Amino acid sequence: MHIEVSGLNKKFGNFQAVQDVNFTIEKGQLIGLLGPSGGGKTSILRMLAGLESVDEGNIVFHGKRVNDLPPQERGIGFVFQNYALFKHMTVEDNIAFGLEVKKWTKAKIKARVAELIELTGLSGFEKRYPHQLSGGQRQRVAFARALAPEPQLLLLDEPFAAIDAKIRHELRSWLRDMIDRLGITSIFVTHDQDEAIEVADQIMIINKGRLEQKGTPWEIYKNPQTPFVAGFIGESTIVEDVSSLRGFENASDWPGTKALIRPEYVEIGKASEFELLSATELGRVRHLHFRGSEWLVEVEVGKSRLVTYRSLEKEVLHPGDNIQVLIHRAYLFNDNDSWVMENKLKEDPMPVHI
Amino acid sequence: MRRLWIGLTVVVFGLLLIVPVVRIAMGAMNEGWSGFANGLSRPETLHALYMTGLIVVIVTLINTMFGVMLSLYLVRASWLGLKLKQLMNSIVDLPFAVSPVIGGLMIVLLLGPETAIGALFNKAGVDILYALPGMIIATLFVTFPLVVREVMPVLQEIGSSQEEAASTLGASAWTTFWRVTWPSIRWSVVYGVVLTVARALGEFGAVLVVSGNILFKTQTATTLVYQDVENFNLTAANSIALVLAAGSVTLLLLMEWAKSRKEVH
Amino acid sequence: MSSMLQGRWWSWGFRSAVMLYFLILIVFPIIGIYGQSLSSGWDAFANNITEPLAWKAVLLTIKLAVIATIVNVLVGTMSAWVLIRYRFPGRRLLNSIVDLPFALPTAVAGLMILLLLGPRSVVGEWADKLGFTILFHQPAIIIAMVFVTFPFVIRAVQPLLEEMDSSEEEAAYTLGATKAATFWKVILPSMMPGILSGAMLAFSRALAEFGAVVLVAGNIPGKTLIASVYIFGEIESDNTTGATAVSVLLLTFSFLILWTVNYVQIRRKNG
């Protein structure tokens with residue numbers, strides 16, 4: 001289903017939950033709504049479903065304005081955060097509910113339920129009640145129930161929030177496969193960036209009721225358009241006085257500008273490890289944290305502190321070691337603007353666009 | 001220490017709850033089985049029991065229906081403002097705080113023959129005061145909060161997400177209620193109904209005021225007990241009281257049963 | 001489309017029916033009685049409530065209800081404690097008959113007390129020998145009030161005791177507190193909200209009680225005539241203004257109590 005949302009606004013009392021949100025979604029895409037808790041993601045999702053009324057703006061499905069349509073008539077499937085399974089119905093009855101309501105014939109219902117049970121790997125659990133299932137199984141039932149009436153759009157509210165970390169990983173890829181196979185337009189809400197990056201075709205970053213940025217995970221990571229997005233995605237440290245760093249002296253042209261530097265923008269090593277020694281400056285190792293597959297190193301450069309990774313294959317560092325630091329680039333921002341600045345002293349700029 | 005407390009509790013319960021019921025049974029039987037049977041088979045007893053039964057059935061039906069709907073609105077409805085909901089919520093309890101006699105007086109004041117509404121009905125040939133309608137209204141008033149108070153907390157506890165799930169699956173409000181909400185609240189409704197029946201069966205003060213306690217017309221089981229006691233006809237009073245007490249004990253068992261079902265859902 | 005319109009009609013019908021029912025059954029009568037009490041002017045109202053028999057009846061009711069409530073707080077707290085903390089044969093039976101006073105018609109309760117305490121009964125004879133009478137005197141009214149309000153405190157305290165974390169108590173012991181100190185400093189404070197709201201409910205019910213009391217009180221004006229019986233007498237003798245005035249007094253008092261209970265409960269939930 002092709003979705004177009006324009007000028008969306010929603011207030012709860014005096015609280016502006018959603019503020020002037022616009023976006024379009026192409027058919028068949030899997031969209032992740034990402035942002036901090038209480039930022040308005042769920043309100044947007046519930047307005048798309050018709051569970052919450054729209055104060056201002058339009059929601060258009062397939063060229064038809066659906067603002068005033070009740071949820072029953074929107075042709076959507078909704079997976080609730082705590083699944084909201086009908087607790088007095090068996091797995092089978094839960095999945096069949098939407099079909100019975102739509103007055104499908106008994107034979108067709110039976111076939112469709114069997115198909116979904118098969119698809120979601122719930123064979124053998126048909127007669128169980130929700131309280132007899134594990135979290136992952138409940139999630140699958142919720143998914144099957146939402147899909148049963150063949151909706152045009154699938155909405156998922158924090159679908160993995162209530163599941164153990166270990167199974168969550170498995171379920172994510174399962175869901176991704178499932179949605180790819182069915183080709184159904186889907187939108188899911190999450191506050192976990194790994195989840196959004198791993199699962200979604202496109203991410204919409206929502207903060208304080210506003211849509212900060214929409215794009216593929218790579219675009220958002222590479223080219224964040226607001227300081228919020230830059231800080232929210234990936235790991236980073238904020239440097240107050242960026243012009244003190246080697247290669248970024250020009251930054252003093254814009255007073256009041258701060259820099260956001262990701263660990264992967266920073267390279268450290270002995271002088272012999274660098275080809276362009278002139279672009280590096282001296283730093284000092286403060287702390288080392290073993291991360292299982294790499295070292296996380298905190299270095300002090302002048303007054304600034306930076307964080308970076310170091311491969312386990314390289315020589316082991318110790319706190320207090322002096323070390324060369326190369327900062328490839330920084331994300332600069334002030335109250336009005338934000339942009340990416342490359343290290344001026346690098347003759348041979350790192351190829352950014354691979 | 002432990003034994004002392006248990007013993008004391010058992011004694012209190014025995015004296016306060018068990019001995020009186022046994023005493024009623026003895027009182028009913030003190031002229032033998034025939035005295036009990038005579039007390040019960042008097043035409044006025046039969047008529048009074050019939051009136052009580054009639055009131056119980058009508059009141060329970062009406063208050064269950066309206067009670068469940070009002071609970072739904074007070075918990076779920078978005079068309080009622082939050083402030084209004086809170087106000088209504090605290091008003092629902094008022095009949096608990098109103099003495100039954102005052103409840104009866106309110107109906108006399110509003111619907112008595114001298115009032116505008118009373119006169120209107122009188123012209124239409126319908127008596128409210130000192131007749132069945134007044135007694136039903138009085139009982140409706142005192143039993144109103146019982147179903148609401150049982151159902152509302154359960155509705156709050158189960159939350160609205162199952163109902164929302166049903167609506168996204170295409171179910172109408174009606175279907176959602178019967179297939180999703182009702183199975184979750186039914187045992188609480190049953191519990192509320194049992195309480196309503198118990199209260200309607202035993203209502204005395206409000207009914208006494210509005211009925212006038214007219215023999216063969218508006219006399220109920222409880223007002224007949226009162227009249228028999230006033231007339232020193234203790235055996236007859238005991239017989240009816242025993243029947244009512246037996247009803248109460250049955251209701252008590254039902255309450256226990258509904259409570260245990262409520263806990264499992 | 002037509003089905004949607006129909007659905008809307010239905011829901012409008014339901015909504016208006018429920019709101020109307022609520023207004024007519026609950027709101028109008030209460031507004032009515034307050035309006036009526038002042039309809040013949042403030043002076044008439046003041047006259048009616050300063051009538052000595054009227055305010056004596058109200059004061060007597062409050063006094064006896066306070067005593068009944070105190071009895072219930074003591075007995076009820078003990079019973080709740082025993083029923084939750086101890087296991088003994090018959091516990092379940094006792095727990096289920098707690099609600100008996102709610103299920104039993106109040107007139108039947110009155111009759112039971114009448115039979116048990118009457119002059120020809122065992123208790124009545126004892127009391128007679130000791131030189132005082134119970135029936136048709138204030139003790140009988142208190143007993144009737146205690147009986148009909150018996151379940152309130154127990155039912156309010158039980159859930160609190162049930163959900164109380166035993167680790168709090170154990171913590172007190174490990175810190176060296178004696179059993180008595182633990183009870184007064186740890187257990188009682190956590191039962192307190194239940195005791196209070198149970199007591200308030202019992203008190204307002206005792207104020208309102210009619211059926212059980214009317215049969216055992218003797219209803220001697222100024223001595224054993226309580227407010228609800230006084231109101232009943234005024235209605236019977238066609239003095240509705242007098243009845244209304246005392247009713248308004250009693251009602252206002254009960255409403256204040258009820259709202260205090262609600263307030264306490266809400267604060268407990270939020271705090």
# chains A, B, ... in the order shown; residues from 1 in each chain; ligands from 1

$ residues_around --residues "Thr61 in chain C" --least-positions-apart "2" --cutoff "8 Å" --atoms "only C-alpha atoms" --output "number ranges by chain"
C: 57-59, 63-65, 207, 226-227

$ interface_residues --of "chain B" --to "chain A" --cutoff "7 Å" --atoms "only C-alpha atoms" --output "PyMOL selection string"
chain B and resi 161-162+165+167-171+180

$ write_last_selection --atoms "N, CA and C atoms" --output "tab-separated table (two decimals), in the first residue's frame"
chain	number	residue	atom	x	y	z
B	161	SER	N	-6.11	-2.91	25.15
B	161	SER	CA	-5.38	-3.33	23.96
B	161	SER	C	-6.03	-4.53	23.27
B	162	GLN	N	-6.64	-5.45	24.05
B	162	GLN	CA	-7.32	-6.57	23.38
B	162	GLN	C	-8.48	-6.06	22.53
B	165	ALA	N	-7.08	-4.51	19.47
B	165	ALA	CA	-6.66	-5.55	18.54
B	165	ALA	C	-7.87	-6.06	17.76
B	167	SER	N	-10.56	-4.44	17.06
B	167	SER	CA	-11.05	-3.46	16.09
B	167	SER	C	-10.14	-3.39	14.87
B	168	THR	N	-8.81	-3.56	15.06
B	168	THR	CA	-7.95	-3.55	13.87
B	168	THR	C	-8.17	-4.80	13.02
B	169	LEU	N	-8.73	-5.85	13.63
B	169	LEU	CA	-9.03	-7.06	12.86
B	169	LEU	C	-10.41	-6.98	12.21
B	170	GLY	N	-11.07	-5.84	12.39
B	170	GLY	CA	-12.32	-5.64	11.67
B	170	GLY	C	-13.58	-5.89	12.48
B	171	ALA	N	-13.45	-6.16	13.80
B	171	ALA	CA	-14.64	-6.47	14.58
B	171	ALA	C	-15.39	-5.20	14.96
B	180	VAL	N	-14.68	-10.39	23.07
B	180	VAL	CA	-13.40	-10.08	23.70
B	180	VAL	C	-13.56	-9.56	25.14

$ interface_residues --of "chain B" --to "chain C" --cutoff "7 Å" --atoms "only C-alpha atoms" --output "PyMOL selection string"
chain B and resi 5-6+9+16+20+23-24+66+70+97-99+101-102+106-107+110+141+198-199+201-205+222+226+241+245+248+251-252+256

$ closest_residue --among "C:Thr182, C:Ser121, C:Thr69, C:Ser237" --to "Leu135 in chain C" --atoms "only C-alpha atoms"
C:Ser121

$ select_by_dssp --residues "range 12-257 of chain A" --states "alpha helix (DSSP H)" --output "ChimeraX atom specification"
/A:41-49,91-101,106-119,135-147,165-182,193-199,217-222,227-232

$ closest_residue --among "C:Arg8, C:Arg92, C:Arg120, C:Lys56" --to "chain A" --atoms "only C-alpha atoms"
C:Arg8

$ atom_distance --atom1 "CA of Leu182 in chain A" --atom2 "CA of Val113 in chain A"
15.9 Å

$ atom_distance --atom1 "CA of His47 in chain B" --atom2 "CA of Asn238 in chain B"
16.9 Å

$ residues_around --residues "Arg329 in chain A" --least-positions-apart "5" --cutoff "8 Å" --atoms "only C-alpha atoms" --output "PyMOL selection string"
chain A and resi 261+265-266+340-343

$ atom_distance --atom1 "CA of Arg3 in chain B" --atom2 "CA of Ile154 in chain C"
19.4 Å

$ closest_residue --among "A:Met204, A:Leu260, A:Leu332, A:Ile323" --to "Ile25 in chain A" --atoms "only C-alpha atoms"
A:Met204

$ residues_around --residues "Thr52 in chain B" --least-positions-apart "2" --cutoff "12 Å" --atoms "only C-alpha atoms" --output "NGL selection string"
(:B and (45-50 or 54-60 or 132 or 135-136 or 139 or 197-204 or 207 or 217-224 or 240 or 244)) or (:C and (105))

$ residues_around --residues "Gln202 in chain A" --least-positions-apart "3" --cutoff "7 Å" --atoms "only C-alpha atoms" --output "number ranges by chain"
A: 30-32, 214-217

$ write_last_selection --atoms "C-alpha atoms" --output "mmCIF file, in the first residue's frame"
data_model
loop_
_atom_site.group_PDB
_atom_site.id
_atom_site.type_symbol
_atom_site.label_atom_id
_atom_site.label_comp_id
_atom_site.auth_asym_id
_atom_site.auth_seq_id
_atom_site.Cartn_x
_atom_site.Cartn_y
_atom_site.Cartn_z
ATOM 1 C CA LEU A 30 9.734 -2.019 5.613
ATOM 2 C CA ILE A 31 10.001 1.179 7.625
ATOM 3 C CA GLY A 32 11.411 1.584 11.124
ATOM 4 C CA LYS A 214 14.071 9.764 6.788
ATOM 5 C CA GLY A 215 16.393 7.561 4.768
ATOM 6 C CA THR A 216 18.193 4.256 4.517
ATOM 7 C CA PRO A 217 20.212 3.263 7.586
#

$ residues_around --residues "Arg128 in chain A" --least-positions-apart "5" --cutoff "8 Å" --atoms "only C-alpha atoms" --output "ChimeraX atom specification"
/A:90-91,133

$ residues_around --residues "Lys223 in chain C" --least-positions-apart "4" --cutoff "10 Å" --atoms "only C-alpha atoms" --output "MDAnalysis selection string"
chainID C and resid 53 56:57 60 136:138 217:219

$ write_last_selection --atoms "all heavy atoms" --output "compact mmCIF listing (two decimals), in the first residue's frame"
# COMPACT_ATOMS: atom_id res chain seq x y z
N LEU C 53 -35.28 16.92 69.82
CA LEU C 53 -35.32 15.49 69.54
C LEU C 53 -34.51 15.16 68.31
O LEU C 53 -33.85 14.12 68.24
CB LEU C 53 -36.78 15.04 69.35
CG LEU C 53 -37.57 14.92 70.64
CD1 LEU C 53 -38.97 14.40 70.33
CD2 LEU C 53 -36.87 13.99 71.62
N LYS C 56 -30.70 15.54 69.07
CA LYS C 56 -30.32 14.47 70.01
C LYS C 56 -30.21 13.14 69.26
O LYS C 56 -29.29 12.35 69.52
CB LYS C 56 -31.36 14.35 71.12
CG LYS C 56 -31.00 15.17 72.33
CD LYS C 56 -31.91 14.85 73.50
CE LYS C 56 -31.63 15.79 74.64
NZ LYS C 56 -32.78 15.88 75.55
N ALA C 57 -31.15 12.92 68.33
CA ALA C 57 -31.10 11.67 67.56
C ALA C 57 -29.82 11.62 66.73
O ALA C 57 -29.15 10.58 66.67
CB ALA C 57 -32.33 11.57 66.65
N LEU C 60 -26.82 11.06 69.04
CA LEU C 60 -26.81 9.69 69.54
C LEU C 60 -26.30 8.74 68.46
O LEU C 60 -25.47 7.86 68.72
CB LEU C 60 -28.23 9.28 69.96
CG LEU C 60 -28.36 7.85 70.46
CD1 LEU C 60 -27.71 7.71 71.82
CD2 LEU C 60 -29.81 7.42 70.50
N PHE C 136 -33.57 -2.93 73.69
CA PHE C 136 -34.25 -1.63 73.73
C PHE C 136 -33.41 -0.59 74.47
O PHE C 136 -33.92 0.43 74.91
CB PHE C 136 -35.64 -1.74 74.35
CG PHE C 136 -36.49 -2.78 73.67
CD1 PHE C 136 -37.19 -3.73 74.38
CD2 PHE C 136 -36.56 -2.82 72.28
CE1 PHE C 136 -37.96 -4.69 73.74
CE2 PHE C 136 -37.32 -3.78 71.64
CZ PHE C 136 -38.02 -4.72 72.36
N HIS C 137 -32.12 -0.86 74.62
CA HIS C 137 -31.21 0.14 75.18
C HIS C 137 -30.03 0.30 74.23
O HIS C 137 -29.91 -0.44 73.26
CB HIS C 137 -30.74 -0.28 76.58
CG HIS C 137 -31.80 -0.08 77.61
ND1 HIS C 137 -32.87 -0.93 77.71
CD2 HIS C 137 -31.97 0.87 78.56
CE1 HIS C 137 -33.67 -0.51 78.68
NE2 HIS C 137 -33.15 0.58 79.21
N GLN C 138 -29.15 1.23 74.56
CA GLN C 138 -28.06 1.54 73.64
C GLN C 138 -27.16 0.36 73.29
O GLN C 138 -26.76 0.23 72.13
CB GLN C 138 -27.25 2.71 74.18
CG GLN C 138 -28.10 3.97 74.18
CD GLN C 138 -27.35 5.18 74.67
OE1 GLN C 138 -26.17 5.11 74.97
NE2 GLN C 138 -28.05 6.30 74.74
N ALA C 217 -34.10 -1.30 69.02
CA ALA C 217 -33.72 -0.09 69.73
C ALA C 217 -34.76 0.38 70.73
O ALA C 217 -34.45 1.08 71.68
CB ALA C 217 -33.43 1.02 68.73
N GLY C 218 -36.01 0.00 70.51
CA GLY C 218 -37.05 0.52 71.39
C GLY C 218 -37.48 1.91 71.00
O GLY C 218 -38.59 2.33 71.27
N ASN C 219 -36.59 2.64 70.34
CA ASN C 219 -36.92 3.94 69.75
C ASN C 219 -37.57 4.91 70.72
O ASN C 219 -38.60 5.52 70.44
CB ASN C 219 -37.83 3.75 68.53
CG ASN C 219 -37.26 2.72 67.58
OD1 ASN C 219 -36.04 2.64 67.41
ND2 ASN C 219 -38.12 1.93 66.98

$ decode --residues "range 181-204 of chain B" --atoms "C-alpha atoms" --output "compact mmCIF listing (two decimals), in the first residue's frame"
# COMPACT_ATOMS: atom_id res chain seq x y z
CA THR B 181 -14.55 -7.95 26.65
CA TRP B 182 -17.35 -10.08 28.05
CA PRO B 183 -15.30 -13.27 28.60
CA SER B 184 -12.92 -11.24 30.77
CA ILE B 185 -15.54 -9.50 32.88
CA ARG B 186 -18.26 -12.12 33.14
CA TRP B 187 -17.30 -13.48 36.57
CA SER B 188 -17.11 -10.02 38.00
CA VAL B 189 -20.53 -9.32 36.56
CA VAL B 190 -21.81 -12.52 38.14
CA TYR B 191 -20.33 -11.44 41.47
CA GLY B 192 -21.95 -8.02 41.14
CA VAL B 193 -25.26 -9.67 40.26
CA VAL B 194 -25.11 -11.88 43.34
CA LEU B 195 -24.47 -8.83 45.51
CA THR B 196 -27.34 -7.02 43.81
CA VAL B 197 -29.70 -9.93 44.39
CA ALA B 198 -28.67 -10.11 48.04
CA ARG B 199 -29.20 -6.42 48.57
CA ALA B 200 -32.49 -6.32 46.65
CA LEU B 201 -33.76 -9.35 48.56
CA GLY B 202 -32.93 -7.80 51.89
CA GLU B 203 -33.78 -4.17 51.22
CA PHE B 204 -35.96 -2.92 54.02
